[in-house]
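Student: PDB, C-alpha atoms, saved as start20.pdb, coming up:
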```pdb
ATOM      1  CA  MET B   1       0.000   0.000   0.000
ATOM      2  CA  TYR B   2       1.203   3.479  -0.834
ATOM      3  CA  CYS B   3       0.152   6.776   0.763
ATOM      4  CA  THR B   4       0.860  10.362  -0.186
ATOM      5  CA  PHE B   5       1.775  13.098   2.234
ATOM      6  CA  ASN B   6       2.671  16.669   1.288
ATOM      7  CA  GLY B   7       3.248  15.616  -2.296
ATOM      8  CA  GLY B   8       5.524  12.719  -1.312
ATOM      9  CA  ARG B   9       4.850   9.007  -1.565
ATOM     10  CA  PHE B  10       5.803   6.403   0.975
ATOM     11  CA  HIS B  11       5.193   2.686   1.487
ATOM     12  CA  ILE B  12       2.922   1.521   4.302
ATOM     13  CA  THR B  13       2.084  -1.996   5.473
ATOM     14  CA  ASP B  14      -0.877  -3.464   7.320
ATOM     15  CA  LEU B  15       1.305  -4.055  10.384
ATOM     16  CA  LYS B  16       2.137  -0.363  10.561
ATOM     17  CA  ILE B  17      -1.545   0.540  10.286
ATOM     18  CA  GLY B  18      -2.322  -1.951  13.061
ATOM     19  CA  TYR B  19       0.333  -0.343  15.241
ATOM     20  CA  TRP B  20      -1.221   3.071  14.687
ATOM     21  CA  LEU B  21      -4.635   1.690  15.642
ATOM     22  CA  GLY B  22      -3.329   0.015  18.785
ATOM     23  CA  SER B  23      -3.382  -3.569  17.512
ATOM     24  CA  THR B  24      -0.639  -6.192  17.747
ATOM     25  CA  PRO B  25       0.860  -8.479  15.073
ATOM     26  CA  ALA B  26      -0.503 -11.558  16.889
ATOM     27  CA  VAL B  27      -4.063 -10.225  16.780
ATOM     28  CA  GLN B  28      -3.757  -9.249  13.127
ATOM     29  CA  GLN B  29      -2.355 -12.626  12.111
ATOM     30  CA  GLY B  30      -5.063 -14.415  14.082
ATOM     31  CA  TRP B  31      -7.803 -12.551  12.249
ATOM     32  CA  LYS B  32      -6.069 -13.205   8.933
ATOM     33  CA  PHE B  33      -6.068 -16.954   9.581
ATOM     34  CA  LEU B  34      -9.715 -16.775  10.623
ATOM     35  CA  GLY B  35     -10.558 -14.876   7.444
ATOM     36  CA  THR B  36      -8.756 -17.500   5.370
ATOM     37  CA  LEU B  37     -10.714 -20.302   7.058
ATOM     38  CA  VAL B  38     -14.066 -18.559   6.688
ATOM     39  CA  SER B  39     -13.433 -17.712   3.031
ATOM     40  CA  ALA B  40     -12.360 -21.290   2.256
ATOM     41  CA  LEU B  41     -15.508 -22.711   3.856
ATOM     42  CA  THR B  42     -17.689 -20.130   2.128
ATOM     43  CA  VAL B  43     -16.212 -20.696  -1.326
ATOM     44  CA  GLY B  44     -16.413 -24.469  -0.909
ATOM     45  CA  GLY B  45     -20.063 -24.293   0.110
ATOM     46  CA  VAL B  46     -20.911 -21.970  -2.779
ATOM     47  CA  LEU B  47     -19.232 -24.284  -5.297
ATOM     48  CA  ILE B  48     -21.180 -27.256  -3.939
ATOM     49  CA  ILE B  49     -24.473 -25.351  -4.224
ATOM     50  CA  LEU B  50     -23.702 -24.180  -7.763
ATOM     51  CA  ASN B  51     -22.704 -27.688  -8.837
ATOM     52  CA  LYS B  52     -25.821 -29.272  -7.320
ATOM     53  CA  THR B  53     -28.114 -26.579  -8.771
ATOM     54  CA  TYR B  54     -26.709 -25.908 -12.235
ATOM     55  CA  GLY B  55     -23.632 -28.065 -12.713
ATOM     56  CA  PHE B  56     -20.461 -27.220 -14.595
ATOM     57  CA  VAL B  57     -20.768 -29.804 -17.378
ATOM     58  CA  GLY B  58     -23.604 -30.149 -19.871
ATOM     59  CA  ASP B  59     -25.895 -28.050 -22.032
ATOM     60  CA  ASN B  60     -27.352 -25.921 -19.221
ATOM     61  CA  ALA B  61     -24.149 -25.748 -17.196
ATOM     62  CA  LEU B  62     -22.700 -22.544 -15.819
ATOM     63  CA  VAL B  63     -20.345 -20.693 -18.097
ATOM     64  CA  ALA B  64     -16.859 -20.812 -16.584
ATOM     65  CA  PRO B  65     -14.435 -19.914 -19.393
ATOM     66  CA  GLN B  66     -11.472 -19.178 -17.149
ATOM     67  CA  ALA B  67     -11.893 -22.406 -15.194
ATOM     68  CA  ASN B  68     -12.293 -24.401 -18.408
ATOM     69  CA  ALA B  69      -9.181 -22.798 -19.877
ATOM     70  CA  MET B  70      -7.125 -23.635 -16.790
ATOM     71  CA  ALA B  71      -8.535 -27.174 -16.771
ATOM     72  CA  ALA B  72      -7.545 -27.604 -20.430
ATOM     73  CA  VAL B  73      -3.971 -26.643 -19.534
ATOM     74  CA  ILE B  74      -3.692 -28.695 -16.336
ATOM     75  CA  ASP B  75      -5.526 -31.859 -17.449
ATOM     76  CA  PRO B  76      -2.853 -33.079 -19.940
ATOM     77  CA  LEU B  77      -0.142 -32.536 -17.339
ATOM     78  CA  MET B  78      -2.046 -34.392 -14.604
ATOM     79  CA  SER B  79      -3.339 -37.248 -16.773
ATOM     80  CA  GLY B  80      -0.046 -37.908 -18.529
ATOM     81  CA  THR B  81      -1.415 -37.361 -22.023
ATOM     82  CA  GLY B  82       0.434 -35.280 -24.565
ATOM     83  CA  ALA B  83       0.009 -31.555 -24.121
ATOM     84  CA  PRO B  84      -0.538 -29.383 -27.229
ATOM     85  CA  TRP B  85       2.847 -27.719 -26.953
ATOM     86  CA  TRP B  86       2.658 -26.275 -30.453
ATOM     87  CA  LEU B  87      -0.514 -24.406 -29.470
ATOM     88  CA  TYR B  88       1.279 -23.023 -26.424
ATOM     89  CA  ALA B  89       4.141 -21.949 -28.678
ATOM     90  CA  VAL B  90       1.741 -20.220 -31.079
ATOM     91  CA  GLY B  91       0.143 -18.414 -28.151
ATOM     92  CA  ALA B  92       3.536 -17.284 -26.879
ATOM     93  CA  VAL B  93       4.472 -15.946 -30.323
ATOM     94  CA  ILE B  94       1.139 -14.092 -30.582
ATOM     95  CA  ALA B  95       1.713 -12.580 -27.121
ATOM     96  CA  LEU B  96       5.178 -11.358 -28.159
ATOM     97  CA  ILE B  97       3.777  -9.817 -31.338
ATOM     98  CA  LEU B  98       0.996  -8.099 -29.378
ATOM     99  CA  ASN B  99       3.465  -6.680 -26.862
ATOM    100  CA  PHE B 100       5.642  -5.446 -29.721
ATOM    101  CA  CYS B 101       2.568  -3.697 -31.187
ATOM    102  CA  LYS B 102       1.749  -2.233 -27.738
ATOM    103  CA  ILE B 103      -1.500  -4.224 -27.518
ATOM    104  CA  PRO B 104      -2.369  -5.761 -24.112
ATOM    105  CA  ALA B 105      -1.882  -9.493 -24.590
ATOM    106  CA  LEU B 106      -4.093 -10.390 -21.606
ATOM    107  CA  ALA B 107      -7.084  -8.441 -22.923
ATOM    108  CA  PHE B 108      -6.625 -10.006 -26.354
ATOM    109  CA  ALA B 109      -6.448 -13.497 -24.837
ATOM    110  CA  LEU B 110      -9.572 -12.896 -22.755
ATOM    111  CA  GLY B 111     -11.434 -11.905 -25.887
ATOM    112  CA  MET B 112     -10.289 -15.121 -27.560
ATOM    113  CA  PHE B 113     -11.633 -17.664 -25.055
ATOM    114  CA  ILE B 114     -14.531 -15.807 -23.412
ATOM    115  CA  PRO B 115     -17.879 -16.613 -25.099
ATOM    116  CA  PHE B 116     -19.362 -14.003 -27.414
ATOM    117  CA  GLN B 117     -22.360 -13.339 -25.178
ATOM    118  CA  LEU B 118     -19.958 -12.345 -22.402
ATOM    119  CA  ASN B 119     -17.684 -10.341 -24.675
ATOM    120  CA  ILE B 120     -20.448  -7.910 -25.676
ATOM    121  CA  PRO B 121     -20.832  -6.434 -22.145
ATOM    122  CA  LEU B 122     -17.038  -6.100 -21.979
ATOM    123  CA  VAL B 123     -17.054  -4.049 -25.178
ATOM    124  CA  VAL B 124     -19.885  -1.885 -23.835
ATOM    125  CA  GLY B 125     -17.970  -1.390 -20.589
ATOM    126  CA  GLY B 126     -14.835  -0.408 -22.487
ATOM    127  CA  PHE B 127     -16.779   2.184 -24.470
ATOM    128  CA  ILE B 128     -18.273   3.602 -21.268
ATOM    129  CA  ASN B 129     -14.798   3.751 -19.716
ATOM    130  CA  TRP B 130     -13.518   5.686 -22.734
ATOM    131  CA  TYR B 131     -16.508   8.034 -22.638
ATOM    132  CA  VAL B 132     -16.342   8.993 -18.948
ATOM    133  CA  GLY B 133     -12.543   9.192 -19.055
ATOM    134  CA  SER B 134     -12.352  11.643 -21.946
ATOM    135  CA  ARG B 135     -15.125  14.211 -21.400
ATOM    136  CA  SER B 136     -13.067  16.720 -19.425
ATOM    137  CA  ILE B 137     -10.126  18.791 -20.548
ATOM    138  CA  ASP B 138      -8.564  18.275 -17.107
ATOM    139  CA  PRO B 139      -6.661  14.943 -16.965
ATOM    140  CA  ALA B 140      -7.037  14.815 -13.182
ATOM    141  CA  VAL B 141     -10.824  14.923 -13.491
ATOM    142  CA  ASN B 142     -10.788  12.172 -16.097
ATOM    143  CA  THR B 143      -8.596  10.025 -13.841
ATOM    144  CA  ALA B 144     -10.882  10.609 -10.857
ATOM    145  CA  ARG B 145     -13.918   9.657 -12.910
ATOM    146  CA  VAL B 146     -12.292   6.463 -14.179
ATOM    147  CA  GLU B 147     -11.271   5.474 -10.644
ATOM    148  CA  HIS B 148     -14.771   6.202  -9.328
ATOM    149  CA  GLY B 149     -16.240   4.212 -12.204
ATOM    150  CA  THR B 150     -13.944   1.277 -11.430
ATOM    151  CA  LEU B 151     -15.204   1.198  -7.837
ATOM    152  CA  LEU B 152     -18.821   1.429  -8.947
ATOM    153  CA  ALA B 153     -18.371  -1.274 -11.589
ATOM    154  CA  SER B 154     -16.718  -3.519  -8.982
ATOM    155  CA  GLY B 155     -19.795  -3.071  -6.812
ATOM    156  CA  PHE B 156     -22.036  -4.045  -9.734
ATOM    157  CA  ILE B 157     -19.957  -7.183 -10.324
ATOM    158  CA  ALA B 158     -19.993  -8.159  -6.655
ATOM    159  CA  GLY B 159     -23.725  -7.479  -6.377
ATOM    160  CA  GLY B 160     -24.493  -9.555  -9.456
ATOM    161  CA  ALA B 161     -22.367 -12.421  -8.164
ATOM    162  CA  LEU B 162     -24.032 -12.323  -4.749
ATOM    163  CA  MET B 163     -27.521 -12.340  -6.245
ATOM    164  CA  GLY B 164     -26.503 -15.261  -8.452
ATOM    165  CA  VAL B 165     -25.438 -17.180  -5.349
ATOM    166  CA  VAL B 166     -28.695 -16.237  -3.596
ATOM    167  CA  SER B 167     -30.687 -17.459  -6.601
ATOM    168  CA  ALA B 168     -28.762 -20.737  -6.657
ATOM    169  CA  ALA B 169     -29.280 -21.165  -2.903
ATOM    170  CA  LEU B 170     -33.044 -20.664  -3.317
ATOM    171  CA  ARG B 171     -33.143 -23.284  -6.057
ATOM    172  CA  PHE B 172     -31.028 -25.621  -3.960
ATOM    173  CA  ALA B 173     -33.562 -25.204  -1.148
ATOM    174  CA  GLY B 174     -36.419 -26.118  -3.516
ATOM    175  CA  LEU B 175     -37.741 -22.591  -4.181
ATOM    176  CA  ASP B 176     -37.608 -21.974  -7.934
ATOM    177  CA  LEU B 177     -38.918 -18.540  -8.952
ATOM    178  CA  PHE B 178     -37.667 -18.757 -12.537
ATOM    179  CA  MET B 179     -40.689 -18.437 -14.855
ATOM    180  CA  ALA B 180     -39.198 -20.323 -17.784
ATOM    181  CA  ASP B 181     -42.437 -21.085 -19.629
ATOM    182  CA  SER B 182     -44.644 -18.088 -19.016
ATOM    183  CA  TRP B 183     -42.299 -15.112 -18.996
ATOM    184  CA  THR B 184     -38.577 -15.428 -19.632
ATOM    185  CA  GLY B 185     -39.004 -16.866 -23.113
ATOM    186  CA  SER B 186     -41.189 -13.986 -24.317
ATOM    187  CA  HIS B 187     -40.108 -10.912 -26.287
ATOM    188  CA  MET B 188     -41.379  -8.653 -23.495
ATOM    189  CA  ALA B 189     -38.820 -10.137 -21.117
ATOM    190  CA  GLU B 190     -36.046  -9.491 -23.630
ATOM    191  CA  TRP B 191     -37.078  -5.856 -24.078
ATOM    192  CA  LEU B 192     -37.392  -5.394 -20.307
ATOM    193  CA  SER B 193     -33.868  -6.748 -19.779
ATOM    194  CA  LEU B 194     -32.505  -4.336 -22.411
ATOM    195  CA  ILE B 195     -34.337  -1.433 -20.779
ATOM    196  CA  MET B 196     -32.967  -2.298 -17.343
ATOM    197  CA  TYR B 197     -29.489  -2.645 -18.845
ATOM    198  CA  ALA B 198     -29.819   0.843 -20.334
ATOM    199  CA  VAL B 199     -31.018   2.194 -16.975
ATOM    200  CA  LEU B 200     -27.954   0.752 -15.242
ATOM    201  CA  ILE B 201     -25.678   2.320 -17.858
ATOM    202  CA  TRP B 202     -27.432   5.681 -17.463
ATOM    203  CA  TYR B 203     -27.100   5.552 -13.673
ATOM    204  CA  PHE B 204     -23.446   4.557 -13.949
ATOM    205  CA  VAL B 205     -22.528   7.373 -16.350
ATOM    206  CA  ARG B 206     -24.562   9.934 -14.408
ATOM    207  CA  SER B 207     -22.942   8.987 -11.102
ATOM    208  CA  VAL B 208     -19.410   8.999 -12.510
ATOM    209  CA  MET B 209     -19.787  12.258 -14.409
ATOM    210  CA  LYS B 210     -20.655  14.060 -11.176
ATOM    211  CA  ARG B 211     -17.012  13.929 -10.196
ATOM    212  CA  LYS B 212     -15.569  17.370 -10.850
ATOM    213  CA  ASN B 213     -12.243  17.143  -9.039
TER
END
```
Is it possible to express this structure as structure tokens?

Tutor:
Amino acid sequence: MYCTFNGGRFHITDLKIGYWLGSTPAVQQGWKFLGTLVSALTVGGVLIILNKTYGFVGDNALVAPQANAMAAVIDPLMSGTGAPWWLYAVGAVIALILNFCKIPALAFALGMFIPFQLNIPLVVGGFINWYVGSRSIDPAVNTARVEHGTLLASGFIAGGALMGVVSAALRFAGLDLFMADSWTGSHMAEWLSLIMYAVLIWYFVRSVMKRKN
């Protein structure tokens, strides 16, 4: 962590912050271990619920492109089968070419293996980021707006993930509120989802553009 003071920049650690607040390293480490245990139990329980409710394999399985990509890399190494080394070599060459052309290789790779229906929101988000980060003639204002937008977008992502877990938990408990036959397959539901998506974008841009300094 870095902090600024009177125009200078200095490094600060969590132990130093704990000392300022009157804590001790033993207390801080104890809470860190507790947080690790709680997070491990929580993530494990969530994965079990998602697997029992939706599954990760099949036609109606959850989309997990990053997990599938990592599994495709690890499975040949763990099973002893031949790994597609020439594909890895091609990917490495493409990454070098992208870096030489000053193109982010990670963003390019994400666009390659993420499904198209998930790539569209990423493109929309990139356009919104460009829009809110280029409306002012003051670079500091543009930077502040982009940082505020990043925090707000992170909240949207976390909120969507939490509601997805809540929905899966309700289904796991036997309460299914998904109206598959009567509502979600209709054109009205599609238009309503687009309208709500536009409302979220409007709220996001309006909130970010309020930053003036």

Student: Just give me the gap between CA of Pro115 in chain B and CA of Met70 in chain B in Å, one decimal is fine.

Tutor: 15.3 Å

Student: Do a neighbour search on His148 in chain B at 12 Å with all atoms listed in the file, toss out local chain neighbours closer than 3 positions, and write the hits as a PyMOL selection string.

Tutor: chain B and resi 129+132-133+141-145+151-155+204-213

Student: For the file shown, report as a list of chain:residue names the outcome of the PyMOL selection byres ((chain B and resi 49) around 10) at residue level.

Tutor: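 That selection, the PyMOL selection byres ((chain B and resi 49) around 10), comes back as B:Val43, B:Gly44, B:Gly45, B:Val46, B:Leu47, B:Ile48, B:Leu50, B:Asn51, B:Lys52, B:Thr53, B:Tyr54, B:Gly55, B:Val165, B:Ala168, B:Ala169, B:Leu170, B:Arg171, B:Phe172, B:Ala173.
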
Student: What separation in Å, quoted to one decimal, exists between CA of Phe127 in chain B and CA of Pro139 in chain B?

Tutor: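 Result for CA of Phe127 in chain B versus CA of Pro139 in chain B: 17.9 Å, one decimal.
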
Student: Mind pulling up the distance from CA of Ile137 in chain B to CA of Tyr203 in chain B?

Tutor: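 So the two atoms, CA of Tyr203 in chain B and CA of Ile137 in chain B, lie 22.6 Å apart.
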